[in-house]
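Note sheet for the following structure.
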Amino acid sequence: MTTQHTVLHLINAALPLKDTSVLFELKGSMGEWTSIVPQQGRLSGEGFQTLESLGQDTFRSSGGREQRIDLEGKVLLPGLVDAHMHLDKAFSLPQVGNVSGTLLEAIQNYKAKSPSFTQEEIKRRIIKSALSALSYGTTRIRTHLDFNLKAGKEVAFRTIHAALEAREMLRGKVDIQLFPMIPFTGITELELDAAEEAIRLGVDGVGGAPHLSETPREDIDGIFRLALKYDLPVDLHTDESDDPEVHTVSYIAEQTIRHGYQGRVTVDHLCALSALSQERADRAIALMAEANLGAVTLPAVNLYLQGRGDRGLVRRGATRIRELLDAGIRLATASDNIQDPFHPFGRGDLLQIALITAYSAHLGSAADQHTLLRMITEHPASVLGLTDYGVEAGRPMDFVIADALTLEQLFTEQPVGRWVHKKDGWVHIAQQNSLWGSAALDDLWEGVVRLDGFASV
Ligand SMILES: [Zn+2]
């Protein structure tokens, strides 16, 4: 089990989301921050240990003692929030290839292979990818889930059951929201019943990709009916295409307003928004703002997948990132797929994703870098509807410290060293570049590593 320290006392912490001109002293007790105070200069570290001196006993020592740590100017952030992952698909590349590299082939190949995956295999992939993200400082994740009803109810429910079990096993370490992607195209009454059954099992919201449907408006209507019936948020893959005629976001915004669902609907990808004329894009963005849609850009995966038909000047695939931000839309940037047929790279590291976002949207000034940081912290926290987020008195001690002294170093150095703390104690320390040694996670990780043959990790 993790250790619950009665008191955590940190000095000389840089909090770039608050104020880059001073260092901070932080205290927490019983899993919650109690005070965050700007320092007058640097404090003496006498009587404090350094982060580097944290060892195995960090996870094992008995609770109740005070832990005093001098951060020596390192950056402390609230736990990073990944608003859009596919934990069930991550690391499936060895089983599911993609020769053309296109989104279409990825969808087809995964669909063809999904009946062969066991529940245990899917669960291991979820745990492995969630723990990888955790080791880079992500403590909350929203994952979309494959829900392949056309392959039969039993196949579709393997992923749901695997995800429900994994969510429970990881609770308090990395907290996960589950959004099954419900396919409405040609849905039968029986399949709709199955979708409702999945929802009643305790997922967190309704997902889908209605732009892929031949009848996108009917799909969107069905998704809203389901969400309203169970009072759940909606999160949709939206207009993931280079084609300006693939345009569902405005209809989603209209239905959000019509149903009074402002603030509870998220749209992801939005690649085709970039292909619209400026006038149409301006109208769509204004409507998105009116509907208070949350939005998620997935630049790593879309740089990889989109623009494949282009020669010469190749489109980037990213959405209108700066324009959405300027319109006041809560835009997160997130991982999407990791080492699967949709995207062969990635490791669940949001600092890496933020850097790719910077390249795809010309974000580089000091102000832009601050925005990038908010796109992996405060914006996705808002998208996930988190009400207990942030480094504030009374909030949970859910944070990551990176081996960097400034906001700029987070991006230039991409430090691998991360120390991650959840409410009840440390869950990852930098010296152990994997999760080995964390008593809280050993069993979970060993199970994944042993069974997948990742003995070298
Ligand atoms: Zn996705």
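In the structure tokens, chains take letters A, B, ... by order of appearance, with residues numbered from 1 within each chain and ligands from 1 in the order shown.
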- Task: Step one, run DSSP on the backbone; step two, keep only residues of range 33-96 of chain A assigned to alpha helix (DSSP H); then write them as a PyMOL selection string.
- Result: chain A and resi 57-60
Write out the residues from the selection above, keeping C-alpha atoms, as an mmCIF file, in the first residue's frame.
```cif
data_model
loop_
_atom_site.group_PDB
_atom_site.id
_atom_site.type_symbol
_atom_site.label_atom_id
_atom_site.label_comp_id
_atom_site.auth_asym_id
_atom_site.auth_seq_id
_atom_site.Cartn_x
_atom_site.Cartn_y
_atom_site.Cartn_z
ATOM 1 C CA ASP A 57 11.466 3.178 1.663
ATOM 2 C CA THR A 58 9.423 6.054 0.234
ATOM 3 C CA PHE A 59 6.797 3.499 -0.665
ATOM 4 C CA ARG A 60 7.205 1.249 2.335
#
```
- Got a sec: who's within 7 Å of range 68-81 of chain A, counting only C-alpha atoms, leaving out chain neighbours fewer than 3 positions off, as a PyMOL selection string? chain A and resi 8-15+23+45+48-51+137-141+376-377+380-381+390-391+398-406
- Residues within 6 Å of range 30-36 of chain A, only C-alpha atoms, excluding chain neighbours under 3 positions, as a list of chain:residue names: A:Thr6, A:Glu25, A:Leu26, A:Lys27, A:Ala393, A:Gly394, A:Arg395, A:Pro396, A:Met397, A:Lys423, A:Asp424
Using only C-alpha atoms and all ligand atoms, find each residue of chain A with at least one atom at most 7 Å away from an atom of ligand 1; report its shortest atom-to-atom pair and that distance in Å (one decimal), sort the rows by chain and rising residue number, and return the result as CSV.
```
residue,atom,partner,partner_atom_place_in_ligand_line,distance
A:His84,CA,ligand 1,1 (Zn),6.3
A:Met85,CA,ligand 1,1 (Zn),6.3
A:His86,CA,ligand 1,1 (Zn),6.3
A:His144,CA,ligand 1,1 (Zn),6.7
A:His237,CA,ligand 1,1 (Zn),6.3
A:Asp336,CA,ligand 1,1 (Zn),5.0
A:Asn337,CA,ligand 1,1 (Zn),6.7
```
Restricting the output to all heavy atoms, write the selected residues as a PDB file, in the first residue's frame.
```
ATOM      1  N   HIS A  84      -7.715  12.341 -23.531  1.00  0.00           N
ATOM      2  CA  HIS A  84      -8.153  11.470 -24.637  1.00  0.00           C
ATOM      3  C   HIS A  84      -7.094  10.416 -24.917  1.00  0.00           C
ATOM      4  O   HIS A  84      -6.082  10.679 -25.555  1.00  0.00           O
ATOM      5  CB  HIS A  84      -8.406  12.337 -25.890  1.00  0.00           C
ATOM      6  CG  HIS A  84      -8.950  11.582 -27.063  1.00  0.00           C
ATOM      7  ND1 HIS A  84     -10.074  12.009 -27.751  1.00  0.00           N
ATOM      8  CD2 HIS A  84      -8.554  10.459 -27.684  1.00  0.00           C
ATOM      9  CE1 HIS A  84     -10.313  11.166 -28.738  1.00  0.00           C
ATOM     10  NE2 HIS A  84      -9.396  10.219 -28.731  1.00  0.00           N
ATOM     11  N   MET A  85      -7.345   9.223 -24.392  1.00  0.00           N
ATOM     12  CA  MET A  85      -6.465   8.093 -24.694  1.00  0.00           C
ATOM     13  C   MET A  85      -7.321   6.928 -25.194  1.00  0.00           C
ATOM     14  O   MET A  85      -8.550   6.973 -25.150  1.00  0.00           O
ATOM     15  CB  MET A  85      -5.672   7.671 -23.443  1.00  0.00           C
ATOM     16  CG  MET A  85      -4.700   8.740 -22.960  1.00  0.00           C
ATOM     17  SD  MET A  85      -3.659   8.181 -21.565  1.00  0.00           S
ATOM     18  CE  MET A  85      -2.342   7.304 -22.434  1.00  0.00           C
ATOM     19  N   HIS A  86      -6.642   5.900 -25.691  1.00  0.00           N
ATOM     20  CA  HIS A  86      -7.295   4.631 -26.043  1.00  0.00           C
ATOM     21  C   HIS A  86      -6.489   3.540 -25.338  1.00  0.00           C
ATOM     22  O   HIS A  86      -5.704   2.831 -25.965  1.00  0.00           O
ATOM     23  CB  HIS A  86      -7.304   4.413 -27.553  1.00  0.00           C
ATOM     24  CG  HIS A  86      -8.198   5.349 -28.300  1.00  0.00           C
ATOM     25  ND1 HIS A  86      -9.505   5.025 -28.606  1.00  0.00           N
ATOM     26  CD2 HIS A  86      -8.004   6.603 -28.758  1.00  0.00           C
ATOM     27  CE1 HIS A  86     -10.067   6.053 -29.251  1.00  0.00           C
ATOM     28  NE2 HIS A  86      -9.176   7.021 -29.352  1.00  0.00           N
ATOM     29  N   HIS A 144     -11.275   6.461 -24.239  1.00  0.00           N
ATOM     30  CA  HIS A 144     -12.350   5.961 -25.095  1.00  0.00           C
ATOM     31  C   HIS A 144     -12.169   4.456 -25.193  1.00  0.00           C
ATOM     32  O   HIS A 144     -11.053   3.960 -25.085  1.00  0.00           O
ATOM     33  CB  HIS A 144     -12.286   6.649 -26.446  1.00  0.00           C
ATOM     34  CG  HIS A 144     -12.531   8.123 -26.321  1.00  0.00           C
ATOM     35  ND1 HIS A 144     -13.759   8.696 -26.542  1.00  0.00           N
ATOM     36  CD2 HIS A 144     -11.712   9.127 -25.924  1.00  0.00           C
ATOM     37  CE1 HIS A 144     -13.683   9.996 -26.292  1.00  0.00           C
ATOM     38  NE2 HIS A 144     -12.454  10.284 -25.920  1.00  0.00           N
ATOM     39  N   HIS A 237     -15.382  11.768 -30.945  1.00  0.00           N
ATOM     40  CA  HIS A 237     -14.429  11.951 -32.033  1.00  0.00           C
ATOM     41  C   HIS A 237     -15.184  12.754 -33.101  1.00  0.00           C
ATOM     42  O   HIS A 237     -16.276  12.347 -33.520  1.00  0.00           O
ATOM     43  CB  HIS A 237     -14.004  10.601 -32.596  1.00  0.00           C
ATOM     44  CG  HIS A 237     -13.068   9.852 -31.704  1.00  0.00           C
ATOM     45  ND1 HIS A 237     -13.435   9.386 -30.471  1.00  0.00           N
ATOM     46  CD2 HIS A 237     -11.765   9.500 -31.886  1.00  0.00           C
ATOM     47  CE1 HIS A 237     -12.390   8.776 -29.921  1.00  0.00           C
ATOM     48  NE2 HIS A 237     -11.373   8.832 -30.750  1.00  0.00           N
ATOM     49  N   ASP A 336      -4.042  10.383 -27.318  1.00  0.00           N
ATOM     50  CA  ASP A 336      -4.748   9.533 -28.275  1.00  0.00           C
ATOM     51  C   ASP A 336      -4.136   8.129 -28.261  1.00  0.00           C
ATOM     52  O   ASP A 336      -4.062   7.506 -27.220  1.00  0.00           O
ATOM     53  CB  ASP A 336      -4.728  10.164 -29.676  1.00  0.00           C
ATOM     54  CG  ASP A 336      -5.944   9.783 -30.522  1.00  0.00           C
ATOM     55  OD1 ASP A 336      -6.840   9.102 -30.008  1.00  0.00           O
ATOM     56  OD2 ASP A 336      -5.996  10.200 -31.700  1.00  0.00           O
ATOM     57  N   ASN A 337      -3.607   7.666 -29.376  1.00  0.00           N
ATOM     58  CA  ASN A 337      -3.163   6.275 -29.475  1.00  0.00           C
ATOM     59  C   ASN A 337      -1.671   6.123 -29.205  1.00  0.00           C
ATOM     60  O   ASN A 337      -0.880   6.992 -29.544  1.00  0.00           O
ATOM     61  CB  ASN A 337      -3.474   5.745 -30.867  1.00  0.00           C
ATOM     62  CG  ASN A 337      -4.967   5.744 -31.150  1.00  0.00           C
ATOM     63  OD1 ASN A 337      -5.547   6.795 -31.419  1.00  0.00           O
ATOM     64  ND2 ASN A 337      -5.584   4.599 -31.049  1.00  0.00           N
TER      65      ASN A 337
END
```
- From the list A:Asp242, A:Gly55, A:Val249, A:Asp368, which residue is nearest Gly309 in chain A when using only C-alpha atoms? A:Asp242
- Task: Identify which of the residues A:Ala166, A:Ala361, A:Ile429, A:Leu331 lies closest to Glu378 in chain A, counting only C-alpha atoms when measuring atom-to-atom distances.
- Result: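 For Glu378 in chain A, the nearest of the given residues is A:Leu331.
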- Query: Which residues, written as a VMD selection string, have at least one atom at most 12 Å from Ile321 in chain A, with only C-alpha atoms counted and residues fewer than 5 positions away on the same chain left out?
  - Reply: chain A and resid 268 to 271 273 to 274 285 295 to 299 316 326 to 333 357 to 363 368 371 to 372 375
- Task: Find the residue from A:Glu218, A:Glu191, A:Glu120, A:Glu254 that sits nearest to Ala162 in chain A; use only C-alpha atoms when measuring.
- Result: A:Glu120
- Query: Nearest to Ile252 in chain A among A:Asp204, A:Asp221, A:Asp340, A:Asp88, with distances taken over only C-alpha atoms: which residue is it?
  - Reply: A:Asp221
- Task: Please provide as a PyMOL selection string all residues within 8 Å of Ile160 in chain A, with the sequence filter that same-chain residues fewer than 2 positions apart are discarded (counting only C-alpha atoms).
- Result: chain A and resi 145+147+156-158+162-164+180+198
Filtering to N, CA and C atoms, could you give me those residues as a PDB file, in the first residue's frame?
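Output contents, as saved in selection_38.pdb:
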```
ATOM      1  N   LEU A 145     -13.267   3.759 -25.385  1.00  0.00           N
ATOM      2  CA  LEU A 145     -13.214   2.293 -25.427  1.00  0.00           C
ATOM      3  C   LEU A 145     -13.861   1.776 -26.695  1.00  0.00           C
ATOM      4  N   PHE A 147     -16.095  -0.503 -28.761  1.00  0.00           N
ATOM      5  CA  PHE A 147     -17.345  -1.180 -28.386  1.00  0.00           C
ATOM      6  C   PHE A 147     -17.940  -1.750 -29.673  1.00  0.00           C
ATOM      7  N   ALA A 156     -17.952  -7.203 -27.588  1.00  0.00           N
ATOM      8  CA  ALA A 156     -18.011  -5.795 -27.173  1.00  0.00           C
ATOM      9  C   ALA A 156     -17.840  -5.669 -25.659  1.00  0.00           C
ATOM     10  N   PHE A 157     -18.445  -6.597 -24.927  1.00  0.00           N
ATOM     11  CA  PHE A 157     -18.406  -6.481 -23.456  1.00  0.00           C
ATOM     12  C   PHE A 157     -17.076  -6.904 -22.834  1.00  0.00           C
ATOM     13  N   ARG A 158     -16.250  -7.629 -23.590  1.00  0.00           N
ATOM     14  CA  ARG A 158     -14.923  -7.958 -23.052  1.00  0.00           C
ATOM     15  C   ARG A 158     -14.174  -6.675 -22.712  1.00  0.00           C
ATOM     16  N   ALA A 162     -13.124  -5.515 -19.001  1.00  0.00           N
ATOM     17  CA  ALA A 162     -11.684  -5.324 -18.764  1.00  0.00           C
ATOM     18  C   ALA A 162     -11.423  -3.921 -18.222  1.00  0.00           C
ATOM     19  N   ALA A 163     -12.090  -2.940 -18.813  1.00  0.00           N
ATOM     20  CA  ALA A 163     -11.862  -1.542 -18.412  1.00  0.00           C
ATOM     21  C   ALA A 163     -12.413  -1.266 -17.020  1.00  0.00           C
ATOM     22  N   LEU A 164     -13.562  -1.830 -16.719  1.00  0.00           N
ATOM     23  CA  LEU A 164     -14.132  -1.628 -15.376  1.00  0.00           C
ATOM     24  C   LEU A 164     -13.218  -2.226 -14.312  1.00  0.00           C
ATOM     25  N   PRO A 180     -17.250   4.482 -23.637  1.00  0.00           N
ATOM     26  CA  PRO A 180     -17.378   3.566 -24.774  1.00  0.00           C
ATOM     27  C   PRO A 180     -17.831   4.317 -26.022  1.00  0.00           C
ATOM     28  N   ALA A 198     -24.236  -1.628 -21.058  1.00  0.00           N
ATOM     29  CA  ALA A 198     -22.848  -1.214 -20.786  1.00  0.00           C
ATOM     30  C   ALA A 198     -22.848   0.052 -19.938  1.00  0.00           C
TER      31      ALA A 198
END
```
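By only C-alpha atoms, and with residues fewer than 6 positions from Asp219 in chain A along its chain excluded, the set lying at most 12 Å from it is A:Met181, A:Ile182, A:Pro183, A:Phe184, A:Thr185, A:Gly186, A:Ile187, A:Leu192, A:Val206, A:Gly207, A:Gly208, A:Ala209, A:Pro210, A:His211, A:Leu212, A:Ser213, A:Arg225, A:Leu226, A:Leu236, A:Thr248, A:Tyr251, A:Ile252, A:Gln255.
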Expected file: the selected residues, N, CA, C and O atoms, as a PDB file, in the first residue's frame:
```pdb
ATOM      1  N   MET A 181     -17.242   3.934 -27.145  1.00  0.00           N
ATOM      2  CA  MET A 181     -17.603   4.571 -28.421  1.00  0.00           C
ATOM      3  C   MET A 181     -18.760   3.789 -29.029  1.00  0.00           C
ATOM      4  O   MET A 181     -18.565   2.711 -29.589  1.00  0.00           O
ATOM      5  N   ILE A 182     -19.943   4.340 -28.909  1.00  0.00           N
ATOM      6  CA  ILE A 182     -21.131   3.594 -29.300  1.00  0.00           C
ATOM      7  C   ILE A 182     -21.449   3.827 -30.776  1.00  0.00           C
ATOM      8  O   ILE A 182     -21.647   4.955 -31.200  1.00  0.00           O
ATOM      9  N   PRO A 183     -21.454   2.733 -31.556  1.00  0.00           N
ATOM     10  CA  PRO A 183     -21.698   2.860 -32.993  1.00  0.00           C
ATOM     11  C   PRO A 183     -23.199   2.839 -33.287  1.00  0.00           C
ATOM     12  O   PRO A 183     -23.856   1.821 -33.091  1.00  0.00           O
ATOM     13  N   PHE A 184     -23.732   3.956 -33.740  1.00  0.00           N
ATOM     14  CA  PHE A 184     -25.177   4.031 -33.956  1.00  0.00           C
ATOM     15  C   PHE A 184     -25.600   3.666 -35.365  1.00  0.00           C
ATOM     16  O   PHE A 184     -26.771   3.411 -35.611  1.00  0.00           O
ATOM     17  N   THR A 185     -24.625   3.632 -36.290  1.00  0.00           N
ATOM     18  CA  THR A 185     -24.991   3.342 -37.678  1.00  0.00           C
ATOM     19  C   THR A 185     -25.665   1.980 -37.770  1.00  0.00           C
ATOM     20  O   THR A 185     -25.066   0.974 -37.407  1.00  0.00           O
ATOM     21  N   GLY A 186     -26.901   1.978 -38.211  1.00  0.00           N
ATOM     22  CA  GLY A 186     -27.626   0.715 -38.382  1.00  0.00           C
ATOM     23  C   GLY A 186     -27.792  -0.049 -37.091  1.00  0.00           C
ATOM     24  O   GLY A 186     -27.869  -1.288 -37.083  1.00  0.00           O
ATOM     25  N   ILE A 187     -27.849   0.656 -35.976  1.00  0.00           N
ATOM     26  CA  ILE A 187     -27.948  -0.035 -34.686  1.00  0.00           C
ATOM     27  C   ILE A 187     -29.329  -0.703 -34.579  1.00  0.00           C
ATOM     28  O   ILE A 187     -30.342  -0.114 -34.941  1.00  0.00           O
ATOM     29  N   LEU A 192     -28.878  -1.644 -29.192  1.00  0.00           N
ATOM     30  CA  LEU A 192     -29.120  -0.466 -28.354  1.00  0.00           C
ATOM     31  C   LEU A 192     -29.308  -0.880 -26.895  1.00  0.00           C
ATOM     32  O   LEU A 192     -28.800  -0.230 -25.971  1.00  0.00           O
ATOM     33  N   VAL A 206     -20.700   8.934 -22.546  1.00  0.00           N
ATOM     34  CA  VAL A 206     -21.035   8.345 -23.845  1.00  0.00           C
ATOM     35  C   VAL A 206     -20.083   8.902 -24.902  1.00  0.00           C
ATOM     36  O   VAL A 206     -19.941  10.115 -25.041  1.00  0.00           O
ATOM     37  N   GLY A 207     -19.428   7.983 -25.623  1.00  0.00           N
ATOM     38  CA  GLY A 207     -18.513   8.374 -26.691  1.00  0.00           C
ATOM     39  C   GLY A 207     -19.005   7.892 -28.034  1.00  0.00           C
ATOM     40  O   GLY A 207     -19.998   7.172 -28.130  1.00  0.00           O
ATOM     41  N   GLY A 208     -18.299   8.280 -29.077  1.00  0.00           N
ATOM     42  CA  GLY A 208     -18.658   7.855 -30.416  1.00  0.00           C
ATOM     43  C   GLY A 208     -17.826   8.599 -31.441  1.00  0.00           C
ATOM     44  O   GLY A 208     -16.969   9.409 -31.093  1.00  0.00           O
ATOM     45  N   ALA A 209     -18.084   8.286 -32.701  1.00  0.00           N
ATOM     46  CA  ALA A 209     -17.392   8.954 -33.804  1.00  0.00           C
ATOM     47  C   ALA A 209     -18.405   9.174 -34.927  1.00  0.00           C
ATOM     48  O   ALA A 209     -18.294   8.576 -35.993  1.00  0.00           O
ATOM     49  N   PRO A 210     -19.402  10.024 -34.690  1.00  0.00           N
ATOM     50  CA  PRO A 210     -20.521  10.122 -35.633  1.00  0.00           C
ATOM     51  C   PRO A 210     -20.133  10.617 -37.024  1.00  0.00           C
ATOM     52  O   PRO A 210     -20.856  10.335 -37.981  1.00  0.00           O
ATOM     53  N   HIS A 211     -18.997  11.293 -37.151  1.00  0.00           N
ATOM     54  CA  HIS A 211     -18.615  11.759 -38.494  1.00  0.00           C
ATOM     55  C   HIS A 211     -18.284  10.593 -39.424  1.00  0.00           C
ATOM     56  O   HIS A 211     -18.259  10.758 -40.630  1.00  0.00           O
ATOM     57  N   LEU A 212     -18.027   9.409 -38.844  1.00  0.00           N
ATOM     58  CA  LEU A 212     -17.730   8.227 -39.664  1.00  0.00           C
ATOM     59  C   LEU A 212     -18.999   7.553 -40.169  1.00  0.00           C
ATOM     60  O   LEU A 212     -18.951   6.689 -41.034  1.00  0.00           O
ATOM     61  N   SER A 213     -20.120   7.956 -39.625  1.00  0.00           N
ATOM     62  CA  SER A 213     -21.383   7.320 -39.971  1.00  0.00           C
ATOM     63  C   SER A 213     -21.920   7.848 -41.298  1.00  0.00           C
ATOM     64  O   SER A 213     -21.619   8.967 -41.696  1.00  0.00           O
ATOM     65  N   ARG A 225     -29.721  11.261 -26.898  1.00  0.00           N
ATOM     66  CA  ARG A 225     -30.837  10.579 -26.203  1.00  0.00           C
ATOM     67  C   ARG A 225     -30.303   9.708 -25.071  1.00  0.00           C
ATOM     68  O   ARG A 225     -30.817   9.722 -23.950  1.00  0.00           O
ATOM     69  N   LEU A 226     -29.248   8.957 -25.400  1.00  0.00           N
ATOM     70  CA  LEU A 226     -28.660   8.044 -24.417  1.00  0.00           C
ATOM     71  C   LEU A 226     -28.039   8.814 -23.243  1.00  0.00           C
ATOM     72  O   LEU A 226     -28.232   8.464 -22.070  1.00  0.00           O
ATOM     73  N   LEU A 236     -17.029  13.128 -28.077  1.00  0.00           N
ATOM     74  CA  LEU A 236     -17.098  12.552 -29.421  1.00  0.00           C
ATOM     75  C   LEU A 236     -15.852  12.813 -30.260  1.00  0.00           C
ATOM     76  O   LEU A 236     -15.347  13.939 -30.306  1.00  0.00           O
ATOM     77  N   THR A 248     -19.440  17.867 -38.548  1.00  0.00           N
ATOM     78  CA  THR A 248     -20.516  17.574 -37.594  1.00  0.00           C
ATOM     79  C   THR A 248     -20.460  18.488 -36.373  1.00  0.00           C
ATOM     80  O   THR A 248     -21.402  18.524 -35.585  1.00  0.00           O
ATOM     81  N   TYR A 251     -23.409  20.886 -35.760  1.00  0.00           N
ATOM     82  CA  TYR A 251     -24.647  20.199 -35.338  1.00  0.00           C
ATOM     83  C   TYR A 251     -24.538  19.740 -33.873  1.00  0.00           C
ATOM     84  O   TYR A 251     -25.494  19.848 -33.104  1.00  0.00           O
ATOM     85  N   ILE A 252     -23.363  19.264 -33.492  1.00  0.00           N
ATOM     86  CA  ILE A 252     -23.157  18.866 -32.088  1.00  0.00           C
ATOM     87  C   ILE A 252     -23.355  20.074 -31.173  1.00  0.00           C
ATOM     88  O   ILE A 252     -24.010  19.986 -30.126  1.00  0.00           O
ATOM     89  N   GLN A 255     -27.090  20.905 -30.927  1.00  0.00           N
ATOM     90  CA  GLN A 255     -27.830  19.963 -30.076  1.00  0.00           C
ATOM     91  C   GLN A 255     -27.467  20.156 -28.598  1.00  0.00           C
ATOM     92  O   GLN A 255     -28.292  19.972 -27.710  1.00  0.00           O
TER      93      GLN A 255
END
```
- Message: Neighbouring residues of range 89-103 of chain A were defined as those with any atom within 6 Å, considering only C-alpha atoms; residues of the same chain fewer than 2 positions away were excluded. Please report them as JSON, numbers by chain.
- Response: {"A": [86, 87, 105, 106, 305, 338, 339, 340, 341]}
- Task: Would you mind reading off the distance between CA of Leu134 in chain A and CA of Asp175 in chain A, one decimal, in Å?
- Result: 9.9 Å
- List every residue of range 90-335 of chain A that DSSP, applied to the backbone, labels as strand (DSSP E), and write the result as a PyMOL selection string. chain A and resi 138-145+175-180+206-208+234-238+265-269+294-297+330-333
Output file for the residues above (C-alpha atoms, as a short mmCIF file (atom, residue, chain, number, x, y, z; two decimals), in the first residue's frame):
```cif
data_model
loop_
_atom_site.label_atom_id
_atom_site.label_comp_id
_atom_site.auth_asym_id
_atom_site.auth_seq_id
_atom_site.Cartn_x
_atom_site.Cartn_y
_atom_site.Cartn_z
CA THR A 138 -0.40 11.80 -15.58
CA THR A 139 -2.73 11.06 -12.69
CA ARG A 140 -6.13 11.34 -14.42
CA ILE A 141 -7.15 9.92 -17.77
CA ARG A 142 -10.26 9.85 -19.91
CA THR A 143 -10.13 6.81 -22.16
CA HIS A 144 -12.35 5.96 -25.09
CA LEU A 145 -13.21 2.29 -25.43
CA ASP A 175 -7.99 7.74 -11.95
CA ILE A 176 -9.70 6.80 -15.18
CA GLN A 177 -12.95 7.84 -16.88
CA LEU A 178 -14.44 5.33 -19.34
CA PHE A 179 -16.24 6.44 -22.52
CA PRO A 180 -17.38 3.57 -24.77
CA VAL A 206 -21.03 8.35 -23.85
CA GLY A 207 -18.51 8.37 -26.69
CA GLY A 208 -18.66 7.86 -30.42
CA VAL A 234 -20.72 13.24 -24.03
CA ASP A 235 -17.28 13.04 -25.67
CA LEU A 236 -17.10 12.55 -29.42
CA HIS A 237 -14.43 11.95 -32.03
CA THR A 238 -15.37 14.80 -34.34
CA VAL A 265 -19.97 17.94 -24.23
CA THR A 266 -16.45 17.52 -25.61
CA VAL A 267 -15.36 17.38 -29.24
CA ASP A 268 -12.03 15.83 -30.23
CA HIS A 269 -9.67 16.06 -33.21
CA GLY A 294 -14.73 21.33 -24.36
CA ALA A 295 -12.26 20.43 -27.09
CA VAL A 296 -9.25 18.16 -27.43
CA THR A 297 -6.55 18.34 -30.06
CA ARG A 330 -11.23 24.94 -23.14
CA LEU A 331 -8.82 23.18 -25.46
CA ALA A 332 -6.76 20.29 -24.12
CA THR A 333 -4.00 18.46 -25.93
#
```
